[in-house]
Structures are given as C-alpha cells and as structure tokens.
file final.txt (compact mmCIF, C-alpha atoms)
# COMPACT_ATOMS: atom_id res chain seq x y z
CA MET A 1 64.75 -32.64 3.46
CA GLU A 2 66.22 -29.14 3.53
CA ASN A 3 65.13 -28.64 -0.07
CA ALA A 4 61.62 -29.68 0.86
CA LEU A 5 61.60 -27.27 3.80
CA SER A 6 62.87 -24.49 1.62
CA CYS A 7 60.05 -25.17 -0.83
CA THR A 8 57.45 -24.99 1.90
CA SER A 9 58.90 -21.81 3.34
CA SER A 10 58.13 -20.04 0.07
CA SER A 11 54.42 -20.36 1.10
CA SER A 12 53.29 -21.70 -2.24
CA ALA A 13 49.72 -23.05 -1.89
CA PRO A 14 50.07 -26.14 -4.16
CA ILE A 15 52.45 -27.85 -1.66
CA LEU A 16 49.58 -28.87 0.62
CA HIS A 17 47.55 -30.29 -2.23
CA HIS A 18 50.35 -31.90 -4.21
CA PRO A 19 49.76 -35.64 -4.58
CA LEU A 20 53.31 -36.40 -3.55
CA SER A 21 53.30 -34.36 -0.36
CA SER A 22 51.48 -37.02 1.70
CA ALA A 23 53.86 -39.76 0.54
CA SER A 24 57.06 -37.79 1.04
CA PHE A 25 56.47 -36.90 4.69
CA THR A 26 55.18 -38.77 7.68
CA PRO A 27 51.67 -37.82 8.90
CA GLN A 28 53.09 -36.28 12.09
CA PHE A 29 55.45 -34.02 10.19
CA SER A 30 52.84 -33.06 7.62
CA SER A 31 50.47 -31.99 10.41
CA GLN A 32 53.22 -29.78 11.89
CA LEU A 33 53.84 -28.34 8.46
CA ARG A 34 50.10 -27.65 8.01
CA LEU A 35 49.97 -25.86 11.38
CA SER A 36 52.90 -23.68 10.41
CA ARG A 37 51.13 -22.79 7.18
CA LEU A 38 48.03 -21.76 9.13
CA LYS A 39 50.10 -19.53 11.38
CA ARG A 40 51.62 -17.81 8.38
CA SER A 41 48.16 -17.15 6.93
CA ASN A 42 47.52 -14.63 9.70
CA SER A 43 50.01 -12.22 8.25
CA VAL A 44 48.90 -8.72 7.30
CA GLY A 45 49.42 -9.16 3.58
CA GLN A 46 47.28 -12.28 3.32
CA HIS A 47 44.59 -10.69 5.47
CA ARG A 48 44.43 -7.74 3.08
CA ASN A 49 44.17 -10.06 0.08
CA ARG A 50 41.40 -12.02 1.75
CA SER A 51 39.43 -8.88 2.59
CA LEU A 52 39.91 -7.70 -1.00
CA VAL A 53 38.45 -10.95 -2.36
CA ILE A 54 35.47 -10.72 -0.01
CA SER A 55 34.81 -7.11 -0.93
CA LYS A 56 34.86 -7.98 -4.63
CA ALA A 57 32.42 -10.83 -4.13
CA CYS A 58 30.00 -9.04 -1.81
CA GLY A 59 30.36 -5.40 -2.78
CA PRO A 60 31.07 -2.48 -0.48
CA GLN A 61 28.22 -3.43 1.84
CA GLY A 62 29.83 -6.73 2.74
CA ASN A 63 26.51 -8.50 3.25
CA GLY A 64 26.28 -10.25 -0.11
CA PHE A 65 23.50 -8.06 -1.54
CA PRO A 66 23.90 -6.06 -4.75
CA ILE A 67 24.87 -2.44 -4.43
CA ILE A 68 22.35 -0.80 -6.73
CA PRO A 69 18.84 -2.27 -6.57
CA THR A 70 17.31 -0.24 -9.37
CA ARG A 71 13.58 -0.93 -9.08
CA ILE A 72 12.65 -0.75 -5.40
CA PHE A 73 11.73 2.89 -4.83
CA ILE A 74 10.33 3.67 -8.27
CA GLU A 75 6.79 3.75 -9.63
CA GLU A 76 6.70 1.07 -12.31
CA ALA A 77 4.51 1.06 -15.39
CA ILE A 78 1.40 -1.11 -15.36
CA GLY A 79 2.01 -2.60 -18.79
CA ALA A 80 0.00 -4.69 -21.29
CA GLU A 81 -2.60 -1.94 -21.76
CA TYR A 82 -3.31 -3.29 -25.24
CA GLY A 83 -2.26 -6.87 -24.61
CA GLU A 84 1.37 -6.26 -25.52
CA GLY A 85 4.01 -8.43 -23.88
CA PHE A 86 7.78 -8.61 -23.96
CA GLU A 87 10.53 -9.85 -26.23
CA THR A 88 12.64 -12.92 -25.70
CA PHE A 89 15.62 -13.98 -27.75
CA ARG A 90 16.09 -17.29 -29.53
CA PRO A 91 18.78 -18.58 -31.88
CA ASP A 92 16.60 -17.75 -34.89
CA GLY A 93 15.97 -14.19 -33.68
CA PRO A 94 13.82 -12.21 -31.23
CA LEU A 95 10.37 -13.53 -30.37
CA LYS A 96 7.59 -11.21 -29.27
CA ILE A 97 5.43 -12.71 -26.54
CA ASP A 98 2.10 -11.06 -25.82
CA VAL A 99 -1.04 -12.02 -23.95
CA ASP A 100 -2.87 -13.60 -26.90
CA PHE A 101 0.27 -15.50 -27.93
CA LEU A 102 0.60 -17.09 -24.48
CA ASN A 103 -3.08 -17.92 -24.20
CA ASP A 104 -2.87 -19.65 -27.57
CA ARG A 105 0.48 -21.43 -27.20
CA LEU A 106 0.08 -22.58 -23.59
CA GLN A 107 -3.03 -24.62 -24.35
CA GLU A 108 -3.22 -27.94 -22.54
CA GLY A 109 -2.41 -31.12 -24.38
CA PHE A 110 -4.86 -34.01 -24.68
CA LEU A 111 -3.61 -35.88 -21.61
CA GLN A 112 -3.42 -32.68 -19.59
CA ARG A 113 -6.99 -31.82 -20.45
CA ILE A 114 -8.16 -35.21 -19.27
CA ARG A 115 -6.22 -34.77 -16.02
CA TYR A 116 -7.56 -31.26 -15.49
CA ALA A 117 -11.08 -32.50 -16.16
CA MET A 118 -10.67 -34.93 -13.25
CA LYS A 119 -8.64 -32.50 -11.08
CA PRO A 120 -9.58 -28.99 -12.21
CA ASP A 121 -7.63 -27.23 -9.45
CA GLU A 122 -4.31 -28.25 -10.99
CA ALA A 123 -5.08 -26.26 -14.12
CA TYR A 124 -4.74 -22.97 -12.23
CA GLY A 125 -1.59 -20.99 -11.50
CA LEU A 126 -1.18 -18.59 -8.60
CA VAL A 127 1.02 -15.48 -8.80
CA PHE A 128 1.87 -13.67 -5.56
CA SER A 129 3.23 -10.15 -5.43
CA TRP A 130 6.08 -9.77 -2.94
CA ASP A 131 5.22 -6.39 -1.40
CA ASN A 132 2.57 -6.62 1.33
CA VAL A 133 1.27 -9.95 0.00
CA VAL A 134 4.09 -12.35 0.84
CA ALA A 135 6.01 -10.01 3.17
CA ASP A 136 4.93 -6.89 5.01
CA THR A 137 7.36 -4.45 3.39
CA ARG A 138 5.59 -1.25 4.40
CA GLY A 139 7.42 -1.17 7.73
CA LEU A 140 10.74 -1.93 6.02
CA LYS A 141 10.39 0.96 3.59
CA LEU A 142 9.23 3.46 6.18
CA ASN A 143 12.08 2.45 8.46
CA ALA A 144 14.53 3.03 5.61
CA TRP A 145 13.10 6.53 5.08
CA LYS A 146 13.35 7.27 8.83
CA LYS A 147 17.00 6.23 8.95
CA LEU A 148 17.79 8.29 5.86
CA ALA A 149 16.12 11.35 7.37
CA ALA A 150 18.07 10.88 10.61
CA GLU A 151 21.37 10.59 8.72
CA GLU A 152 20.63 13.75 6.74
CA GLY A 153 19.40 15.70 9.78
CA LYS A 154 15.85 16.00 8.44
CA GLU A 155 12.52 15.53 10.16
CA PHE A 156 10.47 12.48 9.28
CA PRO A 157 6.87 13.44 8.39
CA GLU A 158 4.11 11.86 10.47
CA ASP A 159 1.30 12.67 8.05
CA ASP A 160 -0.38 9.48 6.77
CA GLU A 161 -0.85 10.78 3.23
CA ILE A 162 2.82 11.73 2.92
CA GLN A 163 3.90 8.34 4.26
CA ARG A 164 1.67 6.69 1.70
CA LEU A 165 3.40 8.63 -1.07
CA MET A 166 6.75 7.57 0.36
CA LEU A 167 5.67 3.93 0.02
CA TYR A 168 4.25 3.95 -3.49
CA ALA A 169 5.76 6.92 -5.35
CA GLY A 170 9.23 7.04 -6.80
CA ALA A 171 12.11 8.06 -4.55
CA GLU A 172 13.12 10.98 -6.75
CA HIS A 173 9.56 12.33 -6.78
CA VAL A 174 9.34 12.02 -2.99
CA LEU A 175 12.67 13.76 -2.43
CA HIS A 176 11.92 16.60 -4.86
CA LYS A 177 8.17 17.18 -4.55
CA VAL A 178 7.08 15.73 -1.20
CA LEU A 179 9.96 16.13 1.26
CA LEU A 180 11.36 19.15 -0.60
CA TRP A 181 14.99 18.23 0.04
CA GLU A 182 17.03 20.66 -2.03
CA LYS A 183 19.93 18.59 -3.27
CA ALA A 184 22.18 18.56 -6.29
CA GLU A 185 21.68 15.87 -8.91
CA ASN A 186 24.74 13.84 -7.90
CA ASP A 187 23.68 14.10 -4.25
CA MET A 188 20.22 12.85 -5.25
CA ASP A 189 21.77 9.70 -6.69
CA ARG A 190 23.65 9.20 -3.43
CA LEU A 191 20.42 9.53 -1.42
CA LYS A 192 18.58 7.03 -3.60
CA LEU A 193 21.45 4.56 -3.34
CA ARG A 194 21.65 4.97 0.42
CA LEU A 195 17.88 4.50 0.71
CA SER A 196 18.10 1.20 -1.18
CA GLN A 197 20.99 0.04 1.00
CA LEU A 198 19.01 0.79 4.16
CA TYR A 199 16.07 -1.16 2.78
CA TYR A 200 18.27 -4.20 2.10
CA ASP A 201 19.67 -3.99 5.63
CA ASN A 202 16.12 -4.10 6.98
CA LEU A 203 15.30 -6.98 4.65
CA LEU A 204 17.92 -9.11 6.40
CA LYS A 205 15.81 -8.95 9.56
CA LEU A 206 12.63 -10.13 7.84
CA SER A 207 11.62 -13.58 9.09
CA LYS A 208 7.79 -13.69 9.19
CA PRO A 209 5.37 -13.79 6.26
CA VAL A 210 2.01 -12.07 6.08
CA GLU A 211 -0.51 -13.51 8.53
CA GLY A 212 -2.40 -16.51 7.19
CA LEU A 213 -0.21 -16.92 4.10
CA LYS A 214 1.50 -20.14 5.22
CA ASP A 215 -1.80 -21.90 5.93
CA TRP A 216 -3.13 -20.79 2.57
CA LEU A 217 -0.03 -22.06 0.79
CA ASP A 218 -0.40 -25.38 2.60
CA ALA A 219 -3.94 -25.74 1.26
CA VAL A 220 -2.84 -24.75 -2.22
CA SER A 221 0.07 -27.19 -2.12
CA THR A 222 -2.27 -30.00 -1.09
CA ALA A 223 -4.41 -29.22 -4.14
CA ARG A 224 -1.22 -29.33 -6.28
CA ILE A 225 -1.65 -25.80 -7.62
CA PRO A 226 1.69 -24.28 -8.73
CA CYS A 227 2.69 -20.89 -7.30
CA ALA A 228 5.06 -18.10 -8.30
CA VAL A 229 6.27 -14.97 -6.52
CA VAL A 230 7.18 -11.78 -8.39
CA SER A 231 9.24 -8.83 -7.20
CA SER A 232 11.69 -6.14 -8.25
CA LEU A 233 14.28 -7.52 -5.80
CA ASP A 234 17.24 -9.54 -7.00
CA ARG A 235 16.91 -13.32 -7.00
CA ARG A 236 19.39 -13.99 -4.21
CA SER A 237 17.64 -11.64 -1.80
CA MET A 238 14.27 -13.16 -2.67
CA ILE A 239 15.37 -16.76 -2.10
CA GLU A 240 17.17 -15.99 1.14
CA ALA A 241 14.14 -14.12 2.50
CA LEU A 242 11.81 -16.95 1.50
CA GLU A 243 14.10 -19.44 3.22
CA ARG A 244 14.07 -17.40 6.43
CA MET A 245 10.27 -17.29 6.33
CA GLY A 246 10.02 -21.03 5.57
CA LEU A 247 8.16 -20.47 2.28
CA ILE A 248 10.69 -21.52 -0.34
CA LYS A 249 9.16 -25.00 -0.75
CA TYR A 250 5.80 -23.58 -1.82
CA PHE A 251 6.97 -21.60 -4.85
CA GLN A 252 7.84 -23.32 -8.10
CA ALA A 253 8.92 -20.10 -9.84
CA VAL A 254 10.50 -16.77 -8.90
CA VAL A 255 10.44 -13.67 -11.10
CA ALA A 256 13.12 -11.24 -9.95
CA GLU A 257 15.11 -8.25 -11.17
CA GLU A 258 17.40 -10.46 -13.24
CA ASP A 259 14.50 -11.41 -15.52
CA GLY A 260 14.57 -7.89 -16.95
CA MET A 261 10.82 -7.28 -16.99
CA GLU A 262 9.95 -3.63 -17.60
CA SER A 263 6.46 -3.47 -16.09
CA ILE A 264 4.19 -5.15 -13.57
CA ALA A 265 2.22 -6.95 -16.28
CA HIS A 266 5.39 -8.32 -17.85
CA ARG A 267 6.31 -9.92 -14.52
CA PHE A 268 2.93 -11.61 -14.36
CA LEU A 269 3.33 -12.92 -17.91
CA SER A 270 6.82 -14.20 -17.11
CA ALA A 271 5.40 -16.01 -14.07
CA ALA A 272 2.74 -17.65 -16.26
CA VAL A 273 5.44 -18.89 -18.65
CA LYS A 274 7.51 -20.31 -15.79
CA LEU A 275 4.47 -22.04 -14.30
CA ASP A 276 3.47 -23.39 -17.74
CA ARG A 277 -0.04 -21.99 -17.34
CA LYS A 278 -1.80 -19.74 -19.79
CA PRO A 279 -2.52 -16.27 -18.38
CA SER A 280 -6.28 -16.73 -18.49
CA LYS A 281 -5.91 -19.59 -15.98
CA CYS A 282 -3.79 -17.61 -13.49
CA VAL A 283 -4.83 -15.76 -10.34
CA VAL A 284 -2.82 -12.79 -9.11
CA PHE A 285 -2.74 -11.85 -5.41
CA GLU A 286 -2.15 -8.10 -5.07
CA ASP A 287 -2.71 -5.25 -2.65
CA ASP A 288 -2.22 -2.39 -5.13
CA PRO A 289 -4.86 -1.16 -7.62
CA ARG A 290 -2.12 -0.81 -10.22
CA GLY A 291 -1.24 -4.48 -9.86
CA ILE A 292 -4.89 -5.45 -10.20
CA THR A 293 -5.13 -3.46 -13.43
CA ALA A 294 -1.99 -5.18 -14.71
CA ALA A 295 -3.48 -8.58 -13.91
CA HIS A 296 -6.65 -7.80 -15.84
CA ASN A 297 -4.59 -6.52 -18.76
CA CYS A 298 -3.01 -9.98 -18.84
CA THR A 299 -6.48 -11.67 -18.78
CA MET A 300 -5.72 -12.96 -15.27
CA MET A 301 -8.02 -13.00 -12.28
CA ALA A 302 -7.13 -10.71 -9.37
CA VAL A 303 -7.60 -11.26 -5.64
CA ALA A 304 -7.03 -8.09 -3.61
CA LEU A 305 -5.80 -7.94 -0.02
CA ILE A 306 -7.36 -5.08 1.89
CA GLY A 307 -4.88 -3.27 4.11
CA ALA A 308 -2.40 -1.06 2.35
CA HIS A 309 -5.31 0.33 0.32
CA PRO A 310 -8.92 0.63 1.50
CA ALA A 311 -11.60 -1.63 0.07
CA TYR A 312 -13.21 1.09 -2.08
CA GLU A 313 -9.94 1.45 -4.05
CA LEU A 314 -9.90 -2.28 -4.80
CA GLN A 315 -13.37 -2.59 -6.32
CA GLN A 316 -12.01 -3.65 -9.69
CA ALA A 317 -10.62 -6.87 -8.18
CA ASP A 318 -12.52 -10.09 -8.81
CA LEU A 319 -12.37 -10.87 -5.09
CA ALA A 320 -11.29 -8.75 -2.11
CA VAL A 321 -10.40 -10.23 1.27
CA ALA A 322 -8.99 -8.83 4.49
CA SER A 323 -6.73 -11.84 5.12
CA PHE A 324 -5.66 -15.13 3.60
CA THR A 325 -7.64 -16.90 6.32
CA GLU A 326 -10.83 -16.01 4.43
CA LEU A 327 -9.76 -17.95 1.33
CA SER A 328 -10.33 -21.55 0.31
CA VAL A 329 -9.67 -23.51 -2.86
CA ILE A 330 -13.38 -23.32 -3.65
CA ASN A 331 -12.96 -19.55 -4.06
CA LEU A 332 -10.59 -20.21 -6.96
CA ARG A 333 -13.12 -22.46 -8.65
CA ARG A 334 -15.80 -19.81 -8.32
CA LEU A 335 -13.57 -17.23 -9.99
CA PHE A 336 -13.54 -19.35 -13.15
CA ALA A 337 -17.05 -20.77 -12.80
CA HIS A 338 -18.52 -18.50 -15.46
CA LYS A 339 -15.82 -19.47 -17.98
CA GLY A 340 -16.03 -23.24 -17.86
CA SER A 341 -13.76 -25.38 -19.99
CA SER A 342 -13.58 -26.10 -23.68
CA PHE A 343 -13.23 -29.84 -23.14
CA MET A 344 -15.61 -32.42 -21.66
CA ASP A 345 -18.11 -29.78 -20.54
CA MET A 346 -21.82 -30.19 -20.98
CA GLN A 347 -22.92 -28.34 -24.09
CA LYS A 348 -26.41 -27.14 -24.90
CA GLN A 349 -27.82 -28.68 -28.02
CA ILE A 350 -29.51 -26.17 -30.27
CA ILE A 351 -32.66 -27.58 -31.90
CA GLU A 352 -34.05 -25.73 -34.85
CA LYS A 353 -37.71 -25.19 -34.34
CA SER A 354 -39.90 -26.15 -37.28
CA PRO A 355 -42.78 -23.80 -38.13
CA PRO A 356 -46.05 -24.76 -36.42
CA ARG A 357 -48.50 -26.81 -38.45
CA ARG A 358 -51.51 -25.02 -39.75
CA LYS A 359 -54.70 -26.16 -38.14
CA LEU A 360 -57.56 -27.03 -40.48
CA THR A 361 -60.81 -25.25 -39.79
CA ILE A 362 -64.11 -24.95 -41.57
CA ASP A 363 -62.99 -21.74 -43.23
CA THR A 364 -60.05 -23.45 -44.89
CA ILE A 365 -62.08 -26.35 -46.28
CA PHE A 366 -64.95 -24.37 -47.77
call {"tool": "encode", "arguments": {"input": "final.txt", "output": "structure tokens"}}
result
Amino acid sequence: MENALSCTSSSSAPILHHPLSSASFTPQFSSQLRLSRLKRSNSVGQHRNRSLVISKACGPQGNGFPIIPTRIFIEEAIGAEYGEGFETFRPDGPLKIDVDFLNDRLQEGFLQRIRYAMKPDEAYGLVFSWDNVVADTRGLKLNAWKKLAAEEGKEFPEDDEIQRLMLYAGAEHVLHKVLLWEKAENDMDRLKLRLSQLYYDNLLKLSKPVEGLKDWLDAVSTARIPCAVVSSLDRRSMIEALERMGLIKYFQAVVAEEDGMESIAHRFLSAAVKLDRKPSKCVVFEDDPRGITAAHNCTMMAVALIGAHPAYELQQADLAVASFTELSVINLRRLFAHKGSSFMDMQKQIIEKSPPRRKLTIDTIF
C-alpha cells in the first residue's frame, strides 16, 4: 500500500487510467485519490502548462480564430477574364480546370437528365457571397476601422466616399493613400494585422443574417436546390458564424480561405465543383459589380442585391432586387428560360421548301 501511495504521489497521469487501478483499490479510496489528484492540478506549474497548450491551439488571441487572415481587407482580382480557371493536383499530375472544362465535364447523366426534365429546379446551383449577401459585414468592417483609429489616436473620417473606399479597397491602399497615415513598413504590417484581429472580434458578435435570407433559403431548400457560400474567411469562422445565424443546414458546400482560390471567379468555380453543377447552371448572389463580372466570366447568372452599391452600378446583373423577399423560385426559371435544355425539349422541325410549280398559261402552250 505504501508503494502504491508513493507511485501516486509522483503525479503520473497513467495511474488514474491504468486498468489495474480500479481493481487494486476500493471505490471509496480511489475517489479520495482522485480528489487529491484534482487538488494537485491547481498548482502553478500545471496551470502554466495548461495555458501554454491553449495558447498553442488558439493562437495569441485566445479565441480560436487564426492570427493572420490574409484576404479580408484586400481588393481581390476578378478572375476568369478569358475563361481561365485554376489548377488542382492529382496523382498523375496537375490538372487545369477552366470554365469550358467544367461545363463539358459536369454534364448530367442520362438518369439525371430525366429527373431534371421532371424537376427542373434541382438542376440549378446557387452560390452566395458572404459579404453583405449572407451577413451584413459593412458594419463589422467600419467598426474595426473605428477601433483601430481610436487605438492609434487618429480621427475616423465621416465622409461617405472615404468610408466606401475603406470597405472595398485594400487596407494598405487605404492607410497610405486615403487616411494618409505615415507609418514605417513594419508598422504597416502591424496595423493590417490588428485590423484583421478587430474584424474577427466583431465577427464573434454576429448572429443575424441579412433580412429575408432565411425565408428565401427555406423556399430554395423546399425546391431541393443545392446552395454554397463563398468567402475569404477561414472555414472554422464561417461554420461557426453560420451556426450562430441558424443557416448551416441550408448550405451543402463552403468555399473558404483554405481552398486556396486566388480570385473571385475561382471561388465561384470551386463552388460549382462542390455542388456538382456545371457553371452555366449556377446563379451567383452578389452585391458588388466586381463579383457580378466574375460570375459572368464563369458563364453563371448573377442576381444583384441593391444596397451597398446603387442600382445604376449593378446594371450588368441579370436581375437586381432590393431584398430577398422579392425573389421566388420562378425567378430562377426565368433566368434560364431563353437557354432551354438540350434534352426532351420541343424542337422545331425544319422543312425544306420545294420550288413553286409553274402555272400553265396560254403563252406557255402556244
């Protein structure tokens, strides 16, 4: 018994989980031993080790989010200007995936075409942009800029045009050219990192989606149309935010920072692959003219939400609405009404016209 006590006093963790420990001691004594172990765990050394493990898992912020979100406050390329796509790697080597390749390879099979002929809505795929379409991130970004200005002892501009640049331009451009903060290059990196951290802190408080989105997703889910959400955020932040908003069940695919897409169009193409829908059958919901251009470069339809940009800047969209409450599934059918389908559609039969018969008259007989 003394040897056993001496072994437990060495605070070796396997003693509690050893298969022989429950048979060697009575339950009452083992409970006392377990309580003594718990008391020892409050020591300063173990507390430091525990905090070290947590800091390694969560990063210096301690909230579980990554430290350096690289693509939040930057102006991304539109992409796919000439139909180019991205590269993916396979055991036999890299594979280049472009718009035409996906439209050709993601053709429906025979049984799928029959099903889509009976239920045409299921042939579509919906791609939702995260910023200002799923979540109202304008307030989150402006709040991050306000906090950064307060920490640096700077004034926050109230001009609407400057605030618009702060939302859509890159952080380095805003700091150098718009706000005119004279900082060294290493200090500029610190400001951009701090700005991203403040944005992630605000993201933790996000719990409501854009108005009308949930009802629209309910209607889309009833029609069995698959949906995807794309963003430059990391996957964990995206999923946790969708869970807080109660939207995670509606999205079958998520395109996040970990997917490594270099442009807006590449994200849309990645979403089409994950939804198993060819790009020409997908509809993108965007609020930015750049995103609408990227959707058209991918041969996708684009539905614009008026709000962050006025309606006259969204004229290139196939459909522009002020809210999701104006949409119905019939609107999706009308977007593709002029295209039709290549299977089981009524085709016009072309009849070659024979030359008219020559009428006999008196002049032709005599």
call {"tool": "closest_residue", "arguments": {"input": "final.txt", "among": "A:Lys96, A:His309, A:Gly139, A:Phe285", "to": "Trp216 in chain A", "atoms": "all atoms listed in the file"}}
result
A:Phe285
call {"tool": "residues_around", "arguments": {"input": "final.txt", "residues": "range 264-280 of chain A", "least_positions_apart": "6", "cutoff": "10 Å", "atoms": "only C-alpha atoms", "output": "PDB file with C-alpha atoms, keeping the file's coordinate frame"}}
result
ATOM      1  CA  GLU A  76       6.700   1.070 -12.310  1.00  0.00           C
ATOM      2  CA  ALA A  77       4.510   1.060 -15.390  1.00  0.00           C
ATOM      3  CA  ILE A  78       1.400  -1.110 -15.360  1.00  0.00           C
ATOM      4  CA  GLY A  79       2.010  -2.600 -18.790  1.00  0.00           C
ATOM      5  CA  ALA A  80       0.000  -4.690 -21.290  1.00  0.00           C
ATOM      6  CA  GLU A  81      -2.600  -1.940 -21.760  1.00  0.00           C
ATOM      7  CA  GLY A  83      -2.260  -6.870 -24.610  1.00  0.00           C
ATOM      8  CA  GLU A  84       1.370  -6.260 -25.520  1.00  0.00           C
ATOM      9  CA  GLY A  85       4.010  -8.430 -23.880  1.00  0.00           C
ATOM     10  CA  PHE A  86       7.780  -8.610 -23.960  1.00  0.00           C
ATOM     11  CA  GLU A  87      10.530  -9.850 -26.230  1.00  0.00           C
ATOM     12  CA  ILE A  97       5.430 -12.710 -26.540  1.00  0.00           C
ATOM     13  CA  ASP A  98       2.100 -11.060 -25.820  1.00  0.00           C
ATOM     14  CA  VAL A  99      -1.040 -12.020 -23.950  1.00  0.00           C
ATOM     15  CA  ASP A 100      -2.870 -13.600 -26.900  1.00  0.00           C
ATOM     16  CA  PHE A 101       0.270 -15.500 -27.930  1.00  0.00           C
ATOM     17  CA  LEU A 102       0.600 -17.090 -24.480  1.00  0.00           C
ATOM     18  CA  ASN A 103      -3.080 -17.920 -24.200  1.00  0.00           C
ATOM     19  CA  ASP A 104      -2.870 -19.650 -27.570  1.00  0.00           C
ATOM     20  CA  ARG A 105       0.480 -21.430 -27.200  1.00  0.00           C
ATOM     21  CA  LEU A 106       0.080 -22.580 -23.590  1.00  0.00           C
ATOM     22  CA  GLN A 107      -3.030 -24.620 -24.350  1.00  0.00           C
ATOM     23  CA  GLU A 108      -3.220 -27.940 -22.540  1.00  0.00           C
ATOM     24  CA  GLU A 122      -4.310 -28.250 -10.990  1.00  0.00           C
ATOM     25  CA  ALA A 123      -5.080 -26.260 -14.120  1.00  0.00           C
ATOM     26  CA  TYR A 124      -4.740 -22.970 -12.230  1.00  0.00           C
ATOM     27  CA  GLY A 125      -1.590 -20.990 -11.500  1.00  0.00           C
ATOM     28  CA  LEU A 126      -1.180 -18.590  -8.600  1.00  0.00           C
ATOM     29  CA  VAL A 127       1.020 -15.480  -8.800  1.00  0.00           C
ATOM     30  CA  PHE A 128       1.870 -13.670  -5.560  1.00  0.00           C
ATOM     31  CA  SER A 129       3.230 -10.150  -5.430  1.00  0.00           C
ATOM     32  CA  ILE A 225      -1.650 -25.800  -7.620  1.00  0.00           C
ATOM     33  CA  PRO A 226       1.690 -24.280  -8.730  1.00  0.00           C
ATOM     34  CA  CYS A 227       2.690 -20.890  -7.300  1.00  0.00           C
ATOM     35  CA  ALA A 228       5.060 -18.100  -8.300  1.00  0.00           C
ATOM     36  CA  VAL A 229       6.270 -14.970  -6.520  1.00  0.00           C
ATOM     37  CA  VAL A 230       7.180 -11.780  -8.390  1.00  0.00           C
ATOM     38  CA  SER A 231       9.240  -8.830  -7.200  1.00  0.00           C
ATOM     39  CA  SER A 232      11.690  -6.140  -8.250  1.00  0.00           C
ATOM     40  CA  PHE A 251       6.970 -21.600  -4.850  1.00  0.00           C
ATOM     41  CA  GLN A 252       7.840 -23.320  -8.100  1.00  0.00           C
ATOM     42  CA  ALA A 253       8.920 -20.100  -9.840  1.00  0.00           C
ATOM     43  CA  VAL A 254      10.500 -16.770  -8.900  1.00  0.00           C
ATOM     44  CA  VAL A 255      10.440 -13.670 -11.100  1.00  0.00           C
ATOM     45  CA  ALA A 256      13.120 -11.240  -9.950  1.00  0.00           C
ATOM     46  CA  GLU A 257      15.110  -8.250 -11.170  1.00  0.00           C
ATOM     47  CA  ARG A 290      -2.120  -0.810 -10.220  1.00  0.00           C
ATOM     48  CA  GLY A 291      -1.240  -4.480  -9.860  1.00  0.00           C
ATOM     49  CA  ILE A 292      -4.890  -5.450 -10.200  1.00  0.00           C
ATOM     50  CA  THR A 293      -5.130  -3.460 -13.430  1.00  0.00           C
ATOM     51  CA  ALA A 294      -1.990  -5.180 -14.710  1.00  0.00           C
ATOM     52  CA  ALA A 295      -3.480  -8.580 -13.910  1.00  0.00           C
ATOM     53  CA  HIS A 296      -6.650  -7.800 -15.840  1.00  0.00           C
ATOM     54  CA  ASN A 297      -4.590  -6.520 -18.760  1.00  0.00           C
ATOM     55  CA  CYS A 298      -3.010  -9.980 -18.840  1.00  0.00           C
ATOM     56  CA  THR A 299      -6.480 -11.670 -18.780  1.00  0.00           C
ATOM     57  CA  MET A 300      -5.720 -12.960 -15.270  1.00  0.00           C
ATOM     58  CA  MET A 301      -8.020 -13.000 -12.280  1.00  0.00           C
ATOM     59  CA  PHE A 336     -13.540 -19.350 -13.150  1.00  0.00           C
ATOM     60  CA  LYS A 339     -15.820 -19.470 -17.980  1.00  0.00           C
TER      61      LYS A 339
END
call {"tool": "closest_residue", "arguments": {"input": "final.txt", "among": "A:Pro310, A:Arg138, A:Glu75, A:Glu158", "to": "Glu172 in chain A", "atoms": "all atoms listed in the file"}}
result
A:Glu75
call {"tool": "atom_distance", "arguments": {"input": "final.txt", "atom1": "CA of Ala144 in chain A", "atom2": "CA of Asn202 in chain A"}}
result
7.4 Å
call {"tool": "atom_distance", "arguments": {"input": "final.txt", "atom1": "CA of Arg224 in chain A", "atom2": "CA of Asp121 in chain A"}}
result
7.5 Å
call {"tool": "atom_distance", "arguments": {"input": "final.txt", "atom1": "CA of Leu204 in chain A", "atom2": "CA of Thr137 in chain A"}}
result
11.9 Å
call {"tool": "residues_near_point", "arguments": {"input": "final.txt", "point": "(12.7, 2.0, 8.7)", "cutoff": "12 Å", "atoms": "all atoms listed in the file", "output": "number ranges by chain"}}
result
A: 137-150, 156, 163, 166-167, 195-203, 205
call {"tool": "residues_around", "arguments": {"input": "final.txt", "residues": "Trp181 in chain A", "least_positions_apart": "6", "cutoff": "9 Å", "atoms": "only C-alpha atoms", "output": "PDB file with C-alpha atoms, keeping the file's coordinate frame"}}
result
ATOM      1  CA  LYS A 154      15.850  16.000   8.440  1.00  0.00           C
ATOM      2  CA  VAL A 174       9.340  12.020  -2.990  1.00  0.00           C
ATOM      3  CA  LEU A 175      12.670  13.760  -2.430  1.00  0.00           C
TER       4      LEU A 175
END
call {"tool": "closest_atom_pairs", "arguments": {"input": "final.txt", "of": "range 148-236 of chain A", "to": "range 312-330 of chain A", "cutoff": "7 Å", "atoms": "only C-alpha atoms", "output": "JSON lines"}}
result
{"residue": "A:Gly212", "atom": "CA", "partner": "A:Phe324", "partner_atom": "CA", "distance": 5.0}
{"residue": "A:Leu213", "atom": "CA", "partner": "A:Phe324", "partner_atom": "CA", "distance": 5.8}
{"residue": "A:Trp216", "atom": "CA", "partner": "A:Phe324", "partner_atom": "CA", "distance": 6.3}
{"residue": "A:Val220", "atom": "CA", "partner": "A:Val329", "partner_atom": "CA", "distance": 7.0}
call {"tool": "residues_near_point", "arguments": {"input": "final.txt", "point": "(6.5, -11.2, 6.7)", "cutoff": "7 Å", "atoms": "all atoms listed in the file", "output": "ChimeraX atom specification"}}
result
/A:134-136,206-210
call {"tool": "axis_aligned_box", "arguments": {"input": "final.txt", "around": "range 113-130 of chain A", "padding_each_side": "3 Å", "output": "AutoDock Vina command-line options"}}
result
--center_x -2.5 --center_y -22.5 --center_z -11.7 --size_x 23.2 --size_y 31.4 --size_z 23.5
